[in-house]
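Shown here: run.pdb, PDB, C-alpha atoms.
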```
ATOM      1  CA  MET A 131       4.021 -15.964   5.567  1.00  0.00           C
ATOM      2  CA  PHE A 132       2.114 -16.023   2.304  1.00  0.00           C
ATOM      3  CA  VAL A 133      -0.983 -14.828   4.138  1.00  0.00           C
ATOM      4  CA  VAL A 134       0.954 -11.787   5.392  1.00  0.00           C
ATOM      5  CA  ALA A 135       2.148 -10.993   1.867  1.00  0.00           C
ATOM      6  CA  MET A 136      -1.394 -11.489   0.560  1.00  0.00           C
ATOM      7  CA  ILE A 137      -2.870  -9.070   3.125  1.00  0.00           C
ATOM      8  CA  ALA A 138      -0.169  -6.466   2.407  1.00  0.00           C
ATOM      9  CA  ILE A 139      -0.747  -6.717  -1.336  1.00  0.00           C
ATOM     10  CA  LEU A 140      -4.520  -6.426  -0.894  1.00  0.00           C
ATOM     11  CA  VAL A 141      -4.110  -3.343   1.331  1.00  0.00           C
ATOM     12  CA  THR A 142      -1.825  -1.763  -1.282  1.00  0.00           C
ATOM     13  CA  LEU A 143      -4.342  -2.621  -4.010  1.00  0.00           C
ATOM     14  CA  VAL A 144      -7.102  -0.863  -2.061  1.00  0.00           C
ATOM     15  CA  LEU A 145      -4.879   2.212  -1.545  1.00  0.00           C
ATOM     16  CA  ALA A 146      -4.034   2.319  -5.270  1.00  0.00           C
ATOM     17  CA  LEU A 147      -7.706   1.994  -6.239  1.00  0.00           C
ATOM     18  CA  LEU A 148      -8.555   4.774  -3.767  1.00  0.00           C
ATOM     19  CA  ARG A 149      -6.025   7.019  -5.500  1.00  0.00           C
ATOM     20  CA  ALA A 150      -7.488   5.997  -8.865  1.00  0.00           C
ATOM     21  CA  VAL A 151     -10.938   7.087  -7.693  1.00  0.00           C
ATOM     22  CA  LEU A 152      -9.762  10.282  -5.954  1.00  0.00           C
ATOM     23  CA  GLY A 153      -7.026  11.306  -8.387  1.00  0.00           C
ATOM     24  CA  PRO A 154      -7.288  14.931  -9.468  1.00  0.00           C
ATOM     25  CA  THR A 155      -5.757  14.460 -12.892  1.00  0.00           C
ATOM     26  CA  THR A 156      -6.044  11.716 -15.487  1.00  0.00           C
ATOM     27  CA  TYR A 157      -2.355  10.879 -15.097  1.00  0.00           C
ATOM     28  CA  ASP A 158      -2.832  10.155 -11.397  1.00  0.00           C
ATOM     29  CA  ARG A 159      -5.493   7.659 -12.333  1.00  0.00           C
ATOM     30  CA  ILE A 160      -3.316   6.059 -15.009  1.00  0.00           C
ATOM     31  CA  LEU A 161      -0.406   5.771 -12.567  1.00  0.00           C
ATOM     32  CA  ALA A 162      -2.647   4.231  -9.899  1.00  0.00           C
ATOM     33  CA  VAL A 163      -4.173   1.745 -12.333  1.00  0.00           C
ATOM     34  CA  ASN A 164      -0.723   0.758 -13.578  1.00  0.00           C
ATOM     35  CA  MET A 165       0.356   0.123  -9.986  1.00  0.00           C
ATOM     36  CA  ALA A 166      -2.833  -1.846  -9.325  1.00  0.00           C
ATOM     37  CA  GLY A 167      -1.939  -4.024 -12.312  1.00  0.00           C
ATOM     38  CA  THR A 168       1.521  -4.687 -10.877  1.00  0.00           C
ATOM     39  CA  LYS A 169      -0.058  -5.583  -7.548  1.00  0.00           C
ATOM     40  CA  THR A 170      -2.415  -7.970  -9.349  1.00  0.00           C
ATOM     41  CA  VAL A 171       0.607  -9.744 -10.828  1.00  0.00           C
ATOM     42  CA  LEU A 172       2.056 -10.141  -7.339  1.00  0.00           C
ATOM     43  CA  LEU A 173      -1.328 -11.296  -6.042  1.00  0.00           C
ATOM     44  CA  ILE A 174      -1.542 -14.007  -8.705  1.00  0.00           C
ATOM     45  CA  ALA A 175       2.000 -15.193  -7.958  1.00  0.00           C
ATOM     46  CA  VAL A 176       1.488 -15.320  -4.179  1.00  0.00           C
ATOM     47  CA  LEU A 177      -1.940 -16.947  -4.566  1.00  0.00           C
ATOM     48  CA  GLY A 178      -0.333 -19.779  -6.520  1.00  0.00           C
ATOM     49  CA  PHE A 179       2.104 -20.431  -3.671  1.00  0.00           C
ATOM     50  CA  LEU A 180      -0.618 -20.024  -1.037  1.00  0.00           C
ATOM     51  CA  THR A 181      -2.796 -22.723  -2.572  1.00  0.00           C
ATOM     52  CA  GLY A 182       0.204 -24.957  -3.238  1.00  0.00           C
ATOM     53  CA  ARG A 183      -0.264 -24.915  -7.001  1.00  0.00           C
ATOM     54  CA  PRO A 184       2.182 -22.421  -8.567  1.00  0.00           C
ATOM     55  CA  ASP A 185       0.692 -22.878 -12.027  1.00  0.00           C
ATOM     56  CA  PHE A 186      -0.786 -19.405 -12.144  1.00  0.00           C
ATOM     57  CA  LEU A 187       2.627 -17.912 -12.924  1.00  0.00           C
ATOM     58  CA  ASP A 188       1.937 -18.083 -16.653  1.00  0.00           C
ATOM     59  CA  LEU A 189      -1.081 -15.884 -16.077  1.00  0.00           C
ATOM     60  CA  ALA A 190       1.082 -13.442 -14.098  1.00  0.00           C
ATOM     61  CA  LEU A 191       3.621 -13.369 -16.936  1.00  0.00           C
ATOM     62  CA  ILE A 192       0.917 -12.571 -19.496  1.00  0.00           C
ATOM     63  CA  TYR A 193      -0.698 -10.035 -17.200  1.00  0.00           C
ATOM     64  CA  ILE A 194       2.464  -8.009 -16.711  1.00  0.00           C
ATOM     65  CA  LEU A 195       3.009  -7.627 -20.458  1.00  0.00           C
ATOM     66  CA  LEU A 196      -0.665  -6.758 -21.027  1.00  0.00           C
ATOM     67  CA  ASN A 197      -0.458  -4.204 -18.221  1.00  0.00           C
ATOM     68  CA  PHE A 198       2.454  -2.429 -19.908  1.00  0.00           C
ATOM     69  CA  ILE A 199       0.792  -2.389 -23.321  1.00  0.00           C
ATOM     70  CA  GLY A 200      -2.482  -1.207 -21.797  1.00  0.00           C
ATOM     71  CA  THR A 201      -0.796   1.688 -19.982  1.00  0.00           C
ATOM     72  CA  ILE A 202       1.012   2.835 -23.120  1.00  0.00           C
ATOM     73  CA  ALA A 203      -2.175   2.513 -25.189  1.00  0.00           C
ATOM     74  CA  VAL A 204      -4.252   4.532 -22.727  1.00  0.00           C
ATOM     75  CA  LEU A 205      -1.549   7.216 -22.554  1.00  0.00           C
ATOM     76  CA  LYS A 206      -1.470   7.477 -26.337  1.00  0.00           C
ATOM     77  CA  PHE A 207      -5.239   7.663 -26.466  1.00  0.00           C
ATOM     78  CA  ILE A 208      -5.332  10.405 -23.817  1.00  0.00           C
ATOM     79  CA  GLN A 209      -2.650  12.418 -25.588  1.00  0.00           C
ATOM     80  CA  TYR A 210      -3.871  12.171 -29.187  1.00  0.00           C
ATOM     81  CA  GLY A 211      -7.500  11.086 -28.858  1.00  0.00           C
ATOM     82  CA  ASP A 212      -6.804   8.430 -31.455  1.00  0.00           C
ATOM     83  CA  PHE A 213      -4.826   5.218 -31.652  1.00  0.00           C
ATOM     84  CA  ALA A 214      -3.825   5.680 -35.287  1.00  0.00           C
ATOM     85  CA  VAL A 215      -1.919   8.964 -35.221  1.00  0.00           C
ATOM     86  CA  GLY A 216       1.753   9.633 -34.628  1.00  0.00           C
ATOM     87  CA  GLY A 217       4.810   7.773 -35.750  1.00  0.00           C
ATOM     88  CA  ARG A 218       5.982  10.476 -38.145  1.00  0.00           C
ATOM     89  CA  LYS A 219       9.577  11.483 -37.734  1.00  0.00           C
ATOM     90  CA  ASN A 220       9.463  15.254 -37.880  1.00  0.00           C
ATOM     91  CA  GLU A 221       6.398  15.629 -35.741  1.00  0.00           C
ATOM     92  CA  LYS A 222       6.697  18.221 -33.001  1.00  0.00           C
ATOM     93  CA  ILE A 223       4.892  17.026 -29.888  1.00  0.00           C
ATOM     94  CA  GLY A 224       3.593  19.517 -27.418  1.00  0.00           C
ATOM     95  CA  ALA A 225       5.273  22.768 -26.522  1.00  0.00           C
TER      96      ALA A 225
ATOM     97  CA  MET B  97      20.988 -30.478   3.325  1.00  0.00           C
ATOM     98  CA  GLY B  98      18.686 -29.618   6.188  1.00  0.00           C
ATOM     99  CA  VAL B  99      20.660 -26.553   7.215  1.00  0.00           C
ATOM    100  CA  LEU B 100      20.684 -25.207   3.663  1.00  0.00           C
ATOM    101  CA  THR B 101      16.932 -25.667   3.305  1.00  0.00           C
ATOM    102  CA  ASP B 102      16.359 -23.892   6.606  1.00  0.00           C
ATOM    103  CA  LEU B 103      18.616 -21.036   5.518  1.00  0.00           C
ATOM    104  CA  ALA B 104      16.740 -20.654   2.228  1.00  0.00           C
ATOM    105  CA  GLU B 105      13.473 -20.662   4.158  1.00  0.00           C
ATOM    106  CA  ILE B 106      14.685 -17.929   6.509  1.00  0.00           C
ATOM    107  CA  ILE B 107      15.901 -15.768   3.601  1.00  0.00           C
ATOM    108  CA  SER B 108      12.565 -16.314   1.866  1.00  0.00           C
ATOM    109  CA  TRP B 109      10.657 -15.266   4.992  1.00  0.00           C
ATOM    110  CA  ALA B 110      12.746 -12.124   5.412  1.00  0.00           C
ATOM    111  CA  CYS B 111      12.410 -11.126   1.752  1.00  0.00           C
ATOM    112  CA  ILE B 112       8.648 -11.613   1.699  1.00  0.00           C
ATOM    113  CA  ILE B 113       8.026  -9.746   4.953  1.00  0.00           C
ATOM    114  CA  LEU B 114      10.284  -6.873   3.866  1.00  0.00           C
ATOM    115  CA  GLY B 115       8.628  -6.753   0.447  1.00  0.00           C
ATOM    116  CA  SER B 116       5.174  -6.632   2.028  1.00  0.00           C
ATOM    117  CA  PHE B 117       6.319  -3.766   4.237  1.00  0.00           C
ATOM    118  CA  PHE B 118       7.622  -1.782   1.254  1.00  0.00           C
ATOM    119  CA  CYS B 119       4.405  -2.515  -0.667  1.00  0.00           C
ATOM    120  CA  VAL B 120       2.252  -0.964   2.050  1.00  0.00           C
ATOM    121  CA  VAL B 121       4.670   1.984   2.444  1.00  0.00           C
ATOM    122  CA  GLY B 122       4.507   2.708  -1.287  1.00  0.00           C
ATOM    123  CA  GLY B 123       0.722   2.449  -1.249  1.00  0.00           C
ATOM    124  CA  ILE B 124       0.467   4.972   1.577  1.00  0.00           C
ATOM    125  CA  GLY B 125       2.877   7.214  -0.332  1.00  0.00           C
ATOM    126  CA  LEU B 126       0.754   6.960  -3.461  1.00  0.00           C
ATOM    127  CA  LEU B 127      -2.287   8.009  -1.474  1.00  0.00           C
ATOM    128  CA  ARG B 128      -0.797  10.793   0.628  1.00  0.00           C
ATOM    129  CA  LEU B 129       1.978  12.535  -1.341  1.00  0.00           C
ATOM    130  CA  PRO B 130       0.989  15.948  -2.679  1.00  0.00           C
ATOM    131  CA  ASP B 131       1.363  15.858  -6.460  1.00  0.00           C
ATOM    132  CA  LEU B 132       1.720  13.498  -9.403  1.00  0.00           C
ATOM    133  CA  PHE B 133       5.500  13.549  -9.686  1.00  0.00           C
ATOM    134  CA  SER B 134       6.015  12.698  -6.037  1.00  0.00           C
ATOM    135  CA  ARG B 135       3.305  10.036  -6.200  1.00  0.00           C
ATOM    136  CA  MET B 136       5.408   8.390  -8.896  1.00  0.00           C
ATOM    137  CA  HIS B 137       8.045   7.898  -6.213  1.00  0.00           C
ATOM    138  CA  GLY B 138       5.587   5.874  -4.129  1.00  0.00           C
ATOM    139  CA  ALA B 139       4.540   3.822  -7.135  1.00  0.00           C
ATOM    140  CA  GLY B 140       8.207   3.216  -7.933  1.00  0.00           C
ATOM    141  CA  ILE B 141       8.854   1.834  -4.443  1.00  0.00           C
ATOM    142  CA  THR B 142       6.121  -0.777  -4.784  1.00  0.00           C
ATOM    143  CA  ASP B 143       7.198  -1.669  -8.305  1.00  0.00           C
ATOM    144  CA  THR B 144      10.886  -2.202  -7.571  1.00  0.00           C
ATOM    145  CA  LEU B 145      11.519  -2.894  -3.893  1.00  0.00           C
ATOM    146  CA  GLY B 146       8.134  -4.387  -2.991  1.00  0.00           C
ATOM    147  CA  ALA B 147       7.573  -6.603  -6.009  1.00  0.00           C
ATOM    148  CA  GLY B 148      11.275  -7.417  -6.380  1.00  0.00           C
ATOM    149  CA  LEU B 149      11.681  -8.542  -2.767  1.00  0.00           C
ATOM    150  CA  ILE B 150       8.441 -10.562  -2.731  1.00  0.00           C
ATOM    151  CA  ILE B 151       9.321 -12.398  -5.935  1.00  0.00           C
ATOM    152  CA  THR B 152      12.901 -12.942  -4.699  1.00  0.00           C
ATOM    153  CA  GLY B 153      11.414 -14.525  -1.588  1.00  0.00           C
ATOM    154  CA  LEU B 154       9.208 -16.757  -3.727  1.00  0.00           C
ATOM    155  CA  ILE B 155      12.276 -17.781  -5.785  1.00  0.00           C
ATOM    156  CA  PHE B 156      14.116 -18.764  -2.581  1.00  0.00           C
ATOM    157  CA  HIS B 157      11.053 -20.694  -1.458  1.00  0.00           C
ATOM    158  CA  SER B 158      10.606 -22.655  -4.673  1.00  0.00           C
ATOM    159  CA  GLY B 159      14.242 -23.644  -5.161  1.00  0.00           C
ATOM    160  CA  LEU B 160      15.800 -24.283  -8.548  1.00  0.00           C
ATOM    161  CA  SER B 161      13.012 -25.400 -10.865  1.00  0.00           C
ATOM    162  CA  LEU B 162      10.751 -24.290 -13.715  1.00  0.00           C
ATOM    163  CA  VAL B 163       8.717 -22.264 -11.225  1.00  0.00           C
ATOM    164  CA  SER B 164      11.727 -20.167 -10.234  1.00  0.00           C
ATOM    165  CA  ALA B 165      12.573 -19.663 -13.912  1.00  0.00           C
ATOM    166  CA  LYS B 166       9.071 -18.271 -14.473  1.00  0.00           C
ATOM    167  CA  LEU B 167       9.422 -16.051 -11.405  1.00  0.00           C
ATOM    168  CA  PHE B 168      12.747 -14.785 -12.743  1.00  0.00           C
ATOM    169  CA  LEU B 169      11.055 -13.962 -16.063  1.00  0.00           C
ATOM    170  CA  ILE B 170       8.309 -12.102 -14.184  1.00  0.00           C
ATOM    171  CA  VAL B 171      10.813  -9.973 -12.280  1.00  0.00           C
ATOM    172  CA  PHE B 172      12.796  -9.372 -15.479  1.00  0.00           C
ATOM    173  CA  PHE B 173       9.762  -8.083 -17.376  1.00  0.00           C
ATOM    174  CA  LEU B 174       8.648  -6.122 -14.311  1.00  0.00           C
ATOM    175  CA  PHE B 175      11.957  -4.278 -14.100  1.00  0.00           C
ATOM    176  CA  LEU B 176      11.847  -3.688 -17.860  1.00  0.00           C
ATOM    177  CA  THR B 177       8.294  -2.415 -18.227  1.00  0.00           C
ATOM    178  CA  SER B 178       7.533  -0.620 -14.968  1.00  0.00           C
ATOM    179  CA  PRO B 179      10.101   2.215 -15.261  1.00  0.00           C
ATOM    180  CA  THR B 180       9.217   2.586 -18.935  1.00  0.00           C
ATOM    181  CA  SER B 181       5.529   3.103 -18.248  1.00  0.00           C
ATOM    182  CA  THR B 182       6.256   5.456 -15.342  1.00  0.00           C
ATOM    183  CA  HIS B 183       8.531   7.471 -17.614  1.00  0.00           C
ATOM    184  CA  ALA B 184       5.804   7.562 -20.258  1.00  0.00           C
ATOM    185  CA  VAL B 185       3.282   8.818 -17.699  1.00  0.00           C
ATOM    186  CA  ALA B 186       5.697  11.541 -16.569  1.00  0.00           C
ATOM    187  CA  LYS B 187       6.449  12.630 -20.122  1.00  0.00           C
ATOM    188  CA  ALA B 188       2.773  12.688 -21.101  1.00  0.00           C
ATOM    189  CA  ALA B 189       1.948  14.737 -17.997  1.00  0.00           C
ATOM    190  CA  ARG B 190       4.718  17.218 -18.809  1.00  0.00           C
ATOM    191  CA  ILE B 191       3.491  17.540 -22.400  1.00  0.00           C
ATOM    192  CA  ALA B 192      -0.052  18.091 -21.120  1.00  0.00           C
ATOM    193  CA  GLY B 193       1.249  21.004 -19.041  1.00  0.00           C
ATOM    194  CA  LEU B 194       1.457  19.629 -15.499  1.00  0.00           C
ATOM    195  CA  GLU B 195       4.269  21.189 -13.516  1.00  0.00           C
ATOM    196  CA  PRO B 196       5.955  19.625 -10.493  1.00  0.00           C
ATOM    197  CA  LEU B 197       5.029  21.133  -7.153  1.00  0.00           C
ATOM    198  CA  LEU B 198       8.052  23.158  -6.069  1.00  0.00           C
ATOM    199  CA  ASP B 199       8.839  25.448  -3.161  1.00  0.00           C
ATOM    200  CA  LYS B 200       6.767  28.573  -3.456  1.00  0.00           C
ATOM    201  CA  LYS B 201       7.900  31.983  -2.261  1.00  0.00           C
ATOM    202  CA  ASP B 202       5.266  32.177   0.464  1.00  0.00           C
ATOM    203  CA  GLY B 203       6.726  29.226   2.324  1.00  0.00           C
ATOM    204  CA  LYS B 204       3.985  26.740   1.506  1.00  0.00           C
ATOM    205  CA  SER B 205       5.404  23.787  -0.343  1.00  0.00           C
TER     206      SER B 205
END
```

Go ahead and render the structure in this file as structure tokens.
Amino acid sequence: MFVVAMIAILVTLVLALLRAVLGPTTYDRILAVNMAGTKTVLLIAVLGFLTGRPDFLDLALIYILLNFIGTIAVLKFIQYGDFAVGGRKNEKIGA
Amino acid sequence: MGVLTDLAEIISWACIILGSFFCVVGGIGLLRLPDLFSRMHGAGITDTLGAGLIITGLIFHSGLSLVSAKLFLIVFFLFLTSPTSTHAVAKAARIAGLEPLLDKKDGKS
């Protein structure tokens, strides 16, 4: 059962990485990498149960929070070209 | 007690198999759908149904312990952060000028 889940997650990871390589726009790549991060969390969790030592769940917990922060940081960097801008109240963003 | 354990095992099996199925379906959708905003739909399937069902199956497998508490925390943070980051991607793409692919007049979608 865990082997089936592991194979499915690995196949999905390969598909997401394929989209990250092929993706026409930057946002496609960011979306695919975000999904690959989620799949990595699942992979860590299932791997812990597969080997009979579910101690890797702490790593999965950290990884999911880091994945979120990383996605937001990359999006901000793509949009502004800088990590230190923004945050002002009356700033008009975009069109 | 034996019947209850067997029942939990069967529910865990079903959840994990179903979650694996939805994971692969969402991955194929991410690869094959035509534009960014419809690819988000595929990514959303793997993030909610796939991951949620797999982790629910793992919770049923592990029973009531510290491990299931950690799994519950994982699914909680997953459901909190994944829609937020997808929304941020969509908003950033809209600001950058990407338009959703709609029905054109010439019949090609």

TODO: Might you pull out every residue within 8 Å of stretch 205-207 of chain A, with all atoms listed in the file counted and same-chain residues fewer than 5 positions away left off, and present them as a ChimeraX atom specification?
DONE: /A:160,212-213 /B:184-185,188

TODO: Would you list the residues near (7.3, -24.0, -7.9), meaning any protein, DNA or RNA residue with an atom at most 8 Å from that point in file coordinates, counting only C-alpha atoms, as a list in words?
DONE: Phe179, Arg183, Pro184 and Asp185 of chain A; Ser158, Gly159, Ser161, Leu162, Val163 and Ser164 of chain B

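Using the PyMOL selection byres ((chain A and resi 172) around 9) on the file at hand returns these residues: Met136, Ile139, Gly167, Thr168, Lys169, Thr170, Val171, Leu173, Ile174, Ala175, Val176, Leu177 and Ala190 of chain A; Ala147, Ile150 and Ile151 of chain B.
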
Based on the selection just made, write C-alpha atoms of those residues as a PDB file, in the coordinates of the input.
```pdb
ATOM      1  CA  MET A 136      -1.394 -11.489   0.560  1.00  0.00           C
ATOM      2  CA  ILE A 139      -0.747  -6.717  -1.336  1.00  0.00           C
ATOM      3  CA  GLY A 167      -1.939  -4.024 -12.312  1.00  0.00           C
ATOM      4  CA  THR A 168       1.521  -4.687 -10.877  1.00  0.00           C
ATOM      5  CA  LYS A 169      -0.058  -5.583  -7.548  1.00  0.00           C
ATOM      6  CA  THR A 170      -2.415  -7.970  -9.349  1.00  0.00           C
ATOM      7  CA  VAL A 171       0.607  -9.744 -10.828  1.00  0.00           C
ATOM      8  CA  LEU A 173      -1.328 -11.296  -6.042  1.00  0.00           C
ATOM      9  CA  ILE A 174      -1.542 -14.007  -8.705  1.00  0.00           C
ATOM     10  CA  ALA A 175       2.000 -15.193  -7.958  1.00  0.00           C
ATOM     11  CA  VAL A 176       1.488 -15.320  -4.179  1.00  0.00           C
ATOM     12  CA  LEU A 177      -1.940 -16.947  -4.566  1.00  0.00           C
ATOM     13  CA  ALA A 190       1.082 -13.442 -14.098  1.00  0.00           C
TER      14      ALA A 190
ATOM     15  CA  ALA B 147       7.573  -6.603  -6.009  1.00  0.00           C
ATOM     16  CA  ILE B 150       8.441 -10.562  -2.731  1.00  0.00           C
ATOM     17  CA  ILE B 151       9.321 -12.398  -5.935  1.00  0.00           C
TER      18      ILE B 151
END
```

- [ ] Output as a PyMOL selection string the set of chain B residues within 7 Å of chain A, with distances taken over only C-alpha atoms.
- [x] chain B and resi 109+112-113+116+119-120+123-124+126-127+132+139+143+147+166+170+174+177+181+185+189+191

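For the pair atom CA of B:His183 and atom CA of B:Leu145, the separation is 17.5 Å.
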
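A straight line drawn from atom CA of B:Gly122 to atom CA of B:Ile141 is 5.4 Å long.
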
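Between atom CA of B:Pro179 and atom CA of B:Gly140 the interatomic distance comes to 7.6 Å.
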
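Distances from B:Gly98, B:Ala186, B:Ala192, B:Ile107 to B:His137 were compared using all atoms listed in the file, and the smallest one belongs to B:Ala186.
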
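Of the residues listed (B:Val171, B:Phe133, B:Glu195, B:Gly138), B:Val171 shows the shortest atom-to-atom separation from B:Leu154; distances use all atoms listed in the file.
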
Spatial neighbours of B:Ala104, max dist 9 Å, only C-alpha atoms, sep filter under 4 positions, as a PDB file with C-alpha atoms, keeping the file's coordinate frame:
```pdb
ATOM      1  CA  VAL B  99      20.660 -26.553   7.215  1.00  0.00           C
ATOM      2  CA  LEU B 100      20.684 -25.207   3.663  1.00  0.00           C
ATOM      3  CA  SER B 108      12.565 -16.314   1.866  1.00  0.00           C
ATOM      4  CA  TRP B 109      10.657 -15.266   4.992  1.00  0.00           C
ATOM      5  CA  GLY B 153      11.414 -14.525  -1.588  1.00  0.00           C
ATOM      6  CA  PHE B 156      14.116 -18.764  -2.581  1.00  0.00           C
ATOM      7  CA  HIS B 157      11.053 -20.694  -1.458  1.00  0.00           C
ATOM      8  CA  GLY B 159      14.242 -23.644  -5.161  1.00  0.00           C
TER       9      GLY B 159
END
```
